[in-house]
$ cat target-v6.pdb   # PDB, N, CA and C atoms
MODEL        1
ATOM      1  N   MET A   1       6.670 -65.978 -73.667
ATOM      2  CA  MET A   1       7.964 -65.626 -73.130
ATOM      3  C   MET A   1       8.493 -64.406 -73.877
ATOM      4  N   LEU A   2       9.085 -63.489 -73.147
ATOM      5  CA  LEU A   2       9.621 -62.277 -73.751
ATOM      6  C   LEU A   2      10.987 -62.533 -74.340
ATOM      7  N   LYS A   3      11.195 -61.945 -75.477
ATOM      8  CA  LYS A   3      12.474 -62.070 -76.153
ATOM      9  C   LYS A   3      13.352 -60.878 -75.771
ATOM     10  N   PRO A   4      14.623 -61.093 -75.402
ATOM     11  CA  PRO A   4      15.497 -59.963 -75.058
ATOM     12  C   PRO A   4      15.717 -59.059 -76.266
ATOM     13  N   LEU A   5      15.756 -57.772 -75.996
ATOM     14  CA  LEU A   5      15.971 -56.813 -77.068
ATOM     15  C   LEU A   5      17.447 -56.710 -77.413
ATOM     16  N   ASN A   6      17.698 -56.603 -78.661
ATOM     17  CA  ASN A   6      19.046 -56.339 -79.136
ATOM     18  C   ASN A   6      19.253 -54.830 -79.069
ATOM     19  N   ALA A   7      20.452 -54.374 -78.825
ATOM     20  CA  ALA A   7      20.719 -52.936 -78.723
ATOM     21  C   ALA A   7      20.312 -52.199 -79.989
ATOM     22  N   ASN A   8      20.400 -52.857 -81.137
ATOM     23  CA  ASN A   8      20.035 -52.215 -82.400
ATOM     24  C   ASN A   8      18.526 -52.093 -82.569
ATOM     25  N   GLU A   9      17.767 -52.861 -81.827
ATOM     26  CA  GLU A   9      16.315 -52.844 -81.947
ATOM     27  C   GLU A   9      15.658 -51.822 -81.018
ATOM     28  N   LEU A  10      16.432 -51.242 -80.093
ATOM     29  CA  LEU A  10      15.852 -50.277 -79.165
ATOM     30  C   LEU A  10      15.423 -49.013 -79.890
ATOM     31  N   PRO A  11      14.269 -48.485 -79.553
ATOM     32  CA  PRO A  11      13.852 -47.231 -80.184
ATOM     33  C   PRO A  11      14.792 -46.094 -79.767
ATOM     34  N   ARG A  12      15.117 -45.269 -80.706
ATOM     35  CA  ARG A  12      16.010 -44.148 -80.427
ATOM     36  C   ARG A  12      15.207 -42.873 -80.272
ATOM     37  N   GLN A  13      15.598 -42.107 -79.287
ATOM     38  CA  GLN A  13      14.938 -40.833 -79.069
ATOM     39  C   GLN A  13      15.923 -39.723 -79.370
ATOM     40  N   GLN A  14      15.405 -38.713 -79.990
ATOM     41  CA  GLN A  14      16.221 -37.543 -80.308
ATOM     42  C   GLN A  14      16.387 -36.706 -79.047
ATOM     43  N   ILE A  15      17.613 -36.374 -78.705
ATOM     44  CA  ILE A  15      17.884 -35.528 -77.549
ATOM     45  C   ILE A  15      18.161 -34.126 -78.059
ATOM     46  N   GLU A  16      17.478 -33.175 -77.438
ATOM     47  CA  GLU A  16      17.671 -31.793 -77.853
ATOM     48  C   GLU A  16      19.031 -31.285 -77.401
ATOM     49  N   ASN A  17      19.719 -30.576 -78.277
ATOM     50  CA  ASN A  17      21.019 -30.010 -77.942
ATOM     51  C   ASN A  17      20.893 -28.618 -77.342
ATOM     52  N   ASP A  18      19.677 -28.092 -77.289
ATOM     53  CA  ASP A  18      19.469 -26.728 -76.824
ATOM     54  C   ASP A  18      19.240 -26.634 -75.320
ATOM     55  N   ILE A  19      19.488 -27.700 -74.591
ATOM     56  CA  ILE A  19      19.281 -27.679 -73.146
ATOM     57  C   ILE A  19      20.450 -26.946 -72.499
ATOM     58  N   SER A  20      20.125 -25.972 -71.659
ATOM     59  CA  SER A  20      21.177 -25.190 -71.007
ATOM     60  C   SER A  20      21.236 -25.537 -69.520
ATOM     61  N   ALA A  21      22.302 -25.100 -68.873
ATOM     62  CA  ALA A  21      22.466 -25.347 -67.441
ATOM     63  C   ALA A  21      21.310 -24.758 -66.630
ATOM     64  N   PRO A  22      20.850 -23.529 -66.919
ATOM     65  CA  PRO A  22      19.711 -23.008 -66.161
ATOM     66  C   PRO A  22      18.442 -23.847 -66.326
ATOM     67  N   ASP A  23      18.256 -24.437 -67.508
ATOM     68  CA  ASP A  23      17.092 -25.305 -67.718
ATOM     69  C   ASP A  23      17.175 -26.549 -66.833
ATOM     70  N   VAL A  24      18.356 -27.139 -66.770
ATOM     71  CA  VAL A  24      18.557 -28.327 -65.946
ATOM     72  C   VAL A  24      18.382 -27.978 -64.478
ATOM     73  N   LEU A  25      18.962 -26.857 -64.066
ATOM     74  CA  LEU A  25      18.832 -26.420 -62.676
ATOM     75  C   LEU A  25      17.378 -26.160 -62.325
ATOM     76  N   SER A  26      16.651 -25.524 -63.220
ATOM     77  CA  SER A  26      15.234 -25.249 -62.992
ATOM     78  C   SER A  26      14.458 -26.552 -62.807
ATOM     79  N   PHE A  27      14.793 -27.551 -63.597
ATOM     80  CA  PHE A  27      14.149 -28.857 -63.477
ATOM     81  C   PHE A  27      14.411 -29.461 -62.097
ATOM     82  N   PHE A  28      15.684 -29.494 -61.688
ATOM     83  CA  PHE A  28      16.027 -30.065 -60.388
ATOM     84  C   PHE A  28      15.417 -29.271 -59.242
ATOM     85  N   GLU A  29      15.385 -27.961 -59.381
ATOM     86  CA  GLU A  29      14.796 -27.134 -58.340
ATOM     87  C   GLU A  29      13.303 -27.401 -58.205
ATOM     88  N   THR A  30      12.632 -27.620 -59.321
ATOM     89  CA  THR A  30      11.206 -27.922 -59.298
ATOM     90  C   THR A  30      10.947 -29.275 -58.648
ATOM     91  N   VAL A  31      11.742 -30.263 -59.014
ATOM     92  CA  VAL A  31      11.541 -31.615 -58.510
ATOM     93  C   VAL A  31      11.952 -31.744 -57.049
ATOM     94  N   PHE A  32      13.101 -31.147 -56.692
ATOM     95  CA  PHE A  32      13.668 -31.359 -55.364
ATOM     96  C   PHE A  32      13.555 -30.149 -54.441
ATOM     97  N   ARG A  33      12.710 -29.199 -54.754
ATOM     98  CA  ARG A  33      12.592 -27.948 -53.997
ATOM     99  C   ARG A  33      12.436 -28.174 -52.491
ATOM    100  N   ASN A  34      11.642 -29.138 -52.097
ATOM    101  CA  ASN A  34      11.375 -29.369 -50.681
ATOM    102  C   ASN A  34      12.284 -30.422 -50.060
ATOM    103  N   ASP A  35      13.219 -30.953 -50.820
ATOM    104  CA  ASP A  35      14.127 -31.957 -50.292
ATOM    105  C   ASP A  35      15.195 -31.275 -49.435
ATOM    106  N   ILE A  36      15.364 -31.739 -48.228
ATOM    107  CA  ILE A  36      16.286 -31.126 -47.281
ATOM    108  C   ILE A  36      17.715 -31.181 -47.805
ATOM    109  N   ARG A  37      18.103 -32.310 -48.381
ATOM    110  CA  ARG A  37      19.474 -32.442 -48.889
ATOM    111  C   ARG A  37      19.758 -31.424 -49.988
ATOM    112  N   PHE A  38      18.774 -31.183 -50.850
ATOM    113  CA  PHE A  38      18.952 -30.196 -51.913
ATOM    114  C   PHE A  38      19.114 -28.802 -51.316
ATOM    115  N   LYS A  39      18.312 -28.481 -50.306
ATOM    116  CA  LYS A  39      18.421 -27.174 -49.645
ATOM    117  C   LYS A  39      19.800 -26.987 -49.030
ATOM    118  N   ILE A  40      20.325 -28.044 -48.410
ATOM    119  CA  ILE A  40      21.648 -27.972 -47.793
ATOM    120  C   ILE A  40      22.716 -27.740 -48.849
ATOM    121  N   ILE A  41      22.643 -28.462 -49.946
ATOM    122  CA  ILE A  41      23.636 -28.325 -51.019
ATOM    123  C   ILE A  41      23.576 -26.934 -51.625
ATOM    124  N   VAL A  42      22.379 -26.417 -51.856
ATOM    125  CA  VAL A  42      22.233 -25.064 -52.411
ATOM    126  C   VAL A  42      22.830 -24.040 -51.448
ATOM    127  N   LEU A  43      22.515 -24.170 -50.174
ATOM    128  CA  LEU A  43      23.033 -23.238 -49.169
ATOM    129  C   LEU A  43      24.559 -23.262 -49.130
ATOM    130  N   LEU A  44      25.148 -24.451 -49.087
ATOM    131  CA  LEU A  44      26.600 -24.550 -48.974
ATOM    132  C   LEU A  44      27.320 -24.231 -50.281
ATOM    133  N   SER A  45      26.613 -24.292 -51.388
ATOM    134  CA  SER A  45      27.245 -23.917 -52.654
ATOM    135  C   SER A  45      27.409 -22.402 -52.753
ATOM    136  N   ASN A  46      26.670 -21.670 -51.942
ATOM    137  CA  ASN A  46      26.753 -20.207 -51.938
ATOM    138  C   ASN A  46      27.613 -19.663 -50.813
ATOM    139  N   ARG A  47      28.238 -20.549 -50.048
ATOM    140  CA  ARG A  47      29.080 -20.151 -48.916
ATOM    141  C   ARG A  47      30.348 -20.983 -48.902
ATOM    142  N   GLU A  48      31.321 -20.494 -48.182
ATOM    143  CA  GLU A  48      32.551 -21.259 -48.005
ATOM    144  C   GLU A  48      32.360 -22.372 -46.985
ATOM    145  N   GLY A  49      31.430 -22.204 -46.084
ATOM    146  CA  GLY A  49      31.148 -23.192 -45.057
ATOM    147  C   GLY A  49      30.117 -22.629 -44.107
ATOM    148  N   ALA A  50      29.534 -23.497 -43.290
ATOM    149  CA  ALA A  50      28.519 -23.037 -42.338
ATOM    150  C   ALA A  50      28.465 -23.992 -41.151
ATOM    151  N   LEU A  51      28.135 -23.421 -40.012
ATOM    152  CA  LEU A  51      27.924 -24.206 -38.804
ATOM    153  C   LEU A  51      26.540 -24.838 -38.840
ATOM    154  N   LEU A  52      26.345 -25.854 -38.030
ATOM    155  CA  LEU A  52      25.055 -26.532 -37.944
ATOM    156  C   LEU A  52      23.938 -25.540 -37.647
ATOM    157  N   ARG A  53      24.191 -24.632 -36.753
ATOM    158  CA  ARG A  53      23.188 -23.633 -36.354
ATOM    159  C   ARG A  53      22.760 -22.768 -37.544
ATOM    160  N   GLU A  54      23.743 -22.351 -38.357
ATOM    161  CA  GLU A  54      23.431 -21.517 -39.526
ATOM    162  C   GLU A  54      22.619 -22.289 -40.559
ATOM    163  N   ILE A  55      23.011 -23.540 -40.780
ATOM    164  CA  ILE A  55      22.300 -24.369 -41.764
ATOM    165  C   ILE A  55      20.864 -24.603 -41.293
ATOM    166  N   ALA A  56      20.701 -24.882 -40.013
ATOM    167  CA  ALA A  56      19.353 -25.111 -39.461
ATOM    168  C   ALA A  56      18.487 -23.871 -39.632
ATOM    169  N   ARG A  57      19.044 -22.713 -39.336
ATOM    170  CA  ARG A  57      18.288 -21.460 -39.444
ATOM    171  C   ARG A  57      17.865 -21.198 -40.888
ATOM    172  N   ASN A  58      18.759 -21.444 -41.840
ATOM    173  CA  ASN A  58      18.476 -21.128 -43.237
ATOM    174  C   ASN A  58      17.630 -22.175 -43.952
ATOM    175  N   THR A  59      17.587 -23.389 -43.430
ATOM    176  CA  THR A  59      16.760 -24.421 -44.061
ATOM    177  C   THR A  59      15.450 -24.645 -43.338
ATOM    178  N   GLY A  60      15.321 -24.081 -42.117
ATOM    179  CA  GLY A  60      14.085 -24.212 -41.372
ATOM    180  C   GLY A  60      13.893 -25.566 -40.718
ATOM    181  N   ILE A  61      14.992 -26.226 -40.379
ATOM    182  CA  ILE A  61      14.930 -27.552 -39.780
ATOM    183  C   ILE A  61      15.589 -27.513 -38.408
ATOM    184  N   SER A  62      15.104 -28.309 -37.487
ATOM    185  CA  SER A  62      15.709 -28.345 -36.157
ATOM    186  C   SER A  62      17.103 -28.965 -36.218
ATOM    187  N   HIS A  63      17.932 -28.603 -35.259
ATOM    188  CA  HIS A  63      19.306 -29.115 -35.197
ATOM    189  C   HIS A  63      19.334 -30.640 -35.173
ATOM    190  N   LYS A  64      18.453 -31.201 -34.376
ATOM    191  CA  LYS A  64      18.421 -32.651 -34.191
ATOM    192  C   LYS A  64      18.116 -33.384 -35.503
ATOM    193  N   ASN A  65      17.117 -32.912 -36.223
ATOM    194  CA  ASN A  65      16.762 -33.545 -37.492
ATOM    195  C   ASN A  65      17.800 -33.274 -38.576
ATOM    196  N   LEU A  66      18.395 -32.102 -38.538
ATOM    197  CA  LEU A  66      19.373 -31.735 -39.554
ATOM    198  C   LEU A  66      20.628 -32.587 -39.471
ATOM    199  N   SER A  67      21.008 -32.989 -38.285
ATOM    200  CA  SER A  67      22.233 -33.775 -38.089
ATOM    201  C   SER A  67      22.241 -35.040 -38.936
ATOM    202  N   LYS A  68      21.130 -35.728 -39.021
ATOM    203  CA  LYS A  68      21.103 -36.976 -39.791
ATOM    204  C   LYS A  68      21.296 -36.728 -41.287
ATOM    205  N   TYR A  69      20.765 -35.613 -41.785
ATOM    206  CA  TYR A  69      20.965 -35.278 -43.199
ATOM    207  C   TYR A  69      22.426 -34.904 -43.474
ATOM    208  N   LEU A  70      23.001 -34.129 -42.574
ATOM    209  CA  LEU A  70      24.401 -33.736 -42.730
ATOM    210  C   LEU A  70      25.320 -34.951 -42.640
ATOM    211  N   ASP A  71      25.029 -35.857 -41.728
ATOM    212  CA  ASP A  71      25.832 -37.076 -41.602
ATOM    213  C   ASP A  71      25.746 -37.924 -42.869
ATOM    214  N   ALA A  72      24.548 -38.040 -43.422
ATOM    215  CA  ALA A  72      24.367 -38.829 -44.646
ATOM    216  C   ALA A  72      25.131 -38.208 -45.814
ATOM    217  N   LEU A  73      25.057 -36.886 -45.968
ATOM    218  CA  LEU A  73      25.782 -36.208 -47.050
ATOM    219  C   LEU A  73      27.295 -36.300 -46.849
ATOM    220  N   THR A  74      27.728 -36.310 -45.606
ATOM    221  CA  THR A  74      29.151 -36.445 -45.304
ATOM    222  C   THR A  74      29.629 -37.854 -45.633
ATOM    223  N   GLN A  75      28.858 -38.854 -45.269
ATOM    224  CA  GLN A  75      29.226 -40.244 -45.553
ATOM    225  C   GLN A  75      29.289 -40.515 -47.047
ATOM    226  N   LYS A  76      28.461 -39.839 -47.815
ATOM    227  CA  LYS A  76      28.470 -40.012 -49.273
ATOM    228  C   LYS A  76      29.578 -39.220 -49.946
ATOM    229  N   GLY A  77      30.290 -38.392 -49.171
ATOM    230  CA  GLY A  77      31.400 -37.621 -49.718
ATOM    231  C   GLY A  77      30.996 -36.316 -50.364
ATOM    232  N   ILE A  78      29.778 -35.891 -50.172
ATOM    233  CA  ILE A  78      29.297 -34.643 -50.761
ATOM    234  C   ILE A  78      29.722 -33.452 -49.912
ATOM    235  N   LEU A  79      29.773 -33.656 -48.601
ATOM    236  CA  LEU A  79      30.193 -32.598 -47.688
ATOM    237  C   LEU A  79      31.471 -33.006 -46.968
ATOM    238  N   ASP A  80      32.266 -32.016 -46.617
ATOM    239  CA  ASP A  80      33.425 -32.198 -45.748
ATOM    240  C   ASP A  80      33.117 -31.506 -44.430
ATOM    241  N   VAL A  81      33.628 -32.062 -43.338
ATOM    242  CA  VAL A  81      33.386 -31.514 -42.006
ATOM    243  C   VAL A  81      34.727 -31.161 -41.372
ATOM    244  N   TYR A  82      34.776 -29.951 -40.795
ATOM    245  CA  TYR A  82      35.984 -29.475 -40.128
ATOM    246  C   TYR A  82      35.630 -29.053 -38.705
ATOM    247  N   PRO A  83      36.339 -29.603 -37.718
ATOM    248  CA  PRO A  83      36.062 -29.194 -36.337
ATOM    249  C   PRO A  83      36.535 -27.769 -36.076
ATOM    250  N   VAL A  84      35.721 -27.032 -35.328
ATOM    251  CA  VAL A  84      36.056 -25.670 -34.924
ATOM    252  C   VAL A  84      35.804 -25.593 -33.425
ATOM    253  N   GLY A  85      36.856 -25.498 -32.664
ATOM    254  CA  GLY A  85      36.687 -25.473 -31.213
ATOM    255  C   GLY A  85      36.316 -26.840 -30.689
ATOM    256  N   MET A  86      35.778 -26.842 -29.491
ATOM    257  CA  MET A  86      35.450 -28.100 -28.814
ATOM    258  C   MET A  86      34.154 -28.738 -29.310
ATOM    259  N   ARG A  87      33.164 -27.925 -29.650
ATOM    260  CA  ARG A  87      31.840 -28.484 -29.930
ATOM    261  C   ARG A  87      31.312 -28.208 -31.323
ATOM    262  N   ASN A  88      31.888 -27.279 -32.022
ATOM    263  CA  ASN A  88      31.336 -26.873 -33.315
ATOM    264  C   ASN A  88      32.071 -27.538 -34.479
ATOM    265  N   ARG A  89      31.319 -27.670 -35.556
ATOM    266  CA  ARG A  89      31.881 -28.195 -36.804
ATOM    267  C   ARG A  89      31.388 -27.329 -37.957
ATOM    268  N   VAL A  90      32.277 -27.103 -38.905
ATOM    269  CA  VAL A  90      31.918 -26.359 -40.106
ATOM    270  C   VAL A  90      31.711 -27.372 -41.228
ATOM    271  N   TYR A  91      30.610 -27.224 -41.935
ATOM    272  CA  TYR A  91      30.298 -28.092 -43.072
ATOM    273  C   TYR A  91      30.567 -27.324 -44.351
ATOM    274  N   LYS A  92      31.260 -27.990 -45.277
ATOM    275  CA  LYS A  92      31.580 -27.388 -46.574
ATOM    276  C   LYS A  92      31.244 -28.378 -47.672
ATOM    277  N   LEU A  93      30.967 -27.849 -48.836
ATOM    278  CA  LEU A  93      30.787 -28.684 -50.011
ATOM    279  C   LEU A  93      32.141 -29.285 -50.369
ATOM    280  N   ALA A  94      32.198 -30.571 -50.634
ATOM    281  CA  ALA A  94      33.458 -31.236 -50.966
ATOM    282  C   ALA A  94      34.053 -30.616 -52.230
ATOM    283  N   PRO A  95      35.382 -30.536 -52.319
ATOM    284  CA  PRO A  95      36.037 -29.906 -53.477
ATOM    285  C   PRO A  95      35.616 -30.495 -54.825
ATOM    286  N   LYS A  96      35.340 -31.792 -54.869
ATOM    287  CA  LYS A  96      34.962 -32.389 -56.159
ATOM    288  C   LYS A  96      33.586 -31.922 -56.633
ATOM    289  N   TYR A  97      32.811 -31.299 -55.745
ATOM    290  CA  TYR A  97      31.508 -30.757 -56.123
ATOM    291  C   TYR A  97      31.502 -29.233 -56.171
ATOM    292  N   SER A  98      32.663 -28.634 -56.185
ATOM    293  CA  SER A  98      32.756 -27.166 -56.197
ATOM    294  C   SER A  98      32.186 -26.562 -57.483
ATOM    295  N   TYR A  99      32.115 -27.339 -58.553
ATOM    296  CA  TYR A  99      31.539 -26.843 -59.805
ATOM    297  C   TYR A  99      30.065 -26.459 -59.638
ATOM    298  N   LEU A 100      29.407 -27.003 -58.620
ATOM    299  CA  LEU A 100      27.997 -26.659 -58.383
ATOM    300  C   LEU A 100      27.805 -25.201 -58.038
ATOM    301  N   LYS A 101      28.865 -24.568 -57.529
ATOM    302  CA  LYS A 101      28.778 -23.165 -57.137
ATOM    303  C   LYS A 101      28.399 -22.260 -58.301
ATOM    304  N   GLN A 102      28.826 -22.622 -59.497
ATOM    305  CA  GLN A 102      28.498 -21.785 -60.644
ATOM    306  C   GLN A 102      27.080 -21.983 -61.138
ATOM    307  N   PHE A 103      26.435 -23.076 -60.743
ATOM    308  CA  PHE A 103      25.067 -23.345 -61.176
ATOM    309  C   PHE A 103      24.031 -22.989 -60.128
ATOM    310  N   LEU A 104      24.383 -23.171 -58.855
ATOM    311  CA  LEU A 104      23.410 -22.955 -57.787
ATOM    312  C   LEU A 104      23.616 -21.589 -57.209
TER     313      LEU A 104
ENDMDL
END

$ encode --input "target-v6.pdb" --output "structure tokens"
Amino acid sequence: MLKPLNANELPRQQIENDISAPDVLSFFETVFRNDIRFKIIVLLSNREGALLREIARNTGISHKNLSKYLDALTQKGILDVYPVGMRNRVYKLAPKYSYLKQFL
């Protein structure tokens, strides 16, 4: 039978203090480069907002497939959606994630 570890018995690892924001971004870009959600977040972090058509063109995904990713990011509160006219919607990065603009 395994004995539960006490917090004092856990091995401690030294964390480097020299990690910079570009290093972290490079790591995430390497890991998530082909992830559609990451591409959408990067695109919208460099713009004030974009229509579905613009996002599809810049990420290389069809409108139909892109909608489900945008809906998921909107439901999680990462994106805000604003109606424009009868049929169009503008997608923006939510204000609480605006700090990403300086990194991406």

$ atom_distance --input "target-v6.pdb" --atom1 "atom N of Ser45 of chain A" --atom2 "atom CA of Asp80 of chain A"
11.9 Å

$ residues_around --input "target-v6.pdb" --residues "Arg89 of chain A" --least-positions-apart "4" --cutoff "8 Å" --atoms "all atoms listed in the file" --output "list in words"
Gly49, Ala50, Leu51, Leu52, Arg53, Asp80, Val81, Tyr82, Pro83, Val84 and Gly85 of chain A

$ residues_near_point --input "target-v6.pdb" --point "(27.0, -31.8, -47.5)" --cutoff "6.5 Å" --atoms "all atoms listed in the file" --output "list in words"
Ile40, Ile41, Leu70, Leu73, Thr74, Ile78, Leu79, Asp80, Lys92, Leu93 and Ala94 of chain A

$ closest_residue --input "target-v6.pdb" --among "A:Leu44, A:Lys96, A:Gln102, A:Ile36" --to "Tyr69 of chain A" --atoms "only C-alpha atoms"
A:Ile36

$ atom_distance --input "target-v6.pdb" --atom1 "atom CA of Ser26 of chain A" --atom2 "atom CA of His63 of chain A"
28.4 Å

$ axis_aligned_box --input "target-v6.pdb" --around "segment 78-97 of chain A" --padding-each-side "5 Å" --output "JSON"
{"center_x": 33.1, "center_y": -30.7, "center_z": -42.7, "size_x": 17.6, "size_y": 20.4, "size_z": 37.8}

$ atom_distance --input "target-v6.pdb" --atom1 "atom CA of Lys76 of chain A" --atom2 "atom CA of Ser20 of chain A"
27.3 Å

$ select_by_dssp --input "target-v6.pdb" --residues "segment 6-99 of chain A" --states "alpha helix (DSSP H)" --output "ChimeraX atom specification"
/A:21-32,36-45,52-59,63-75
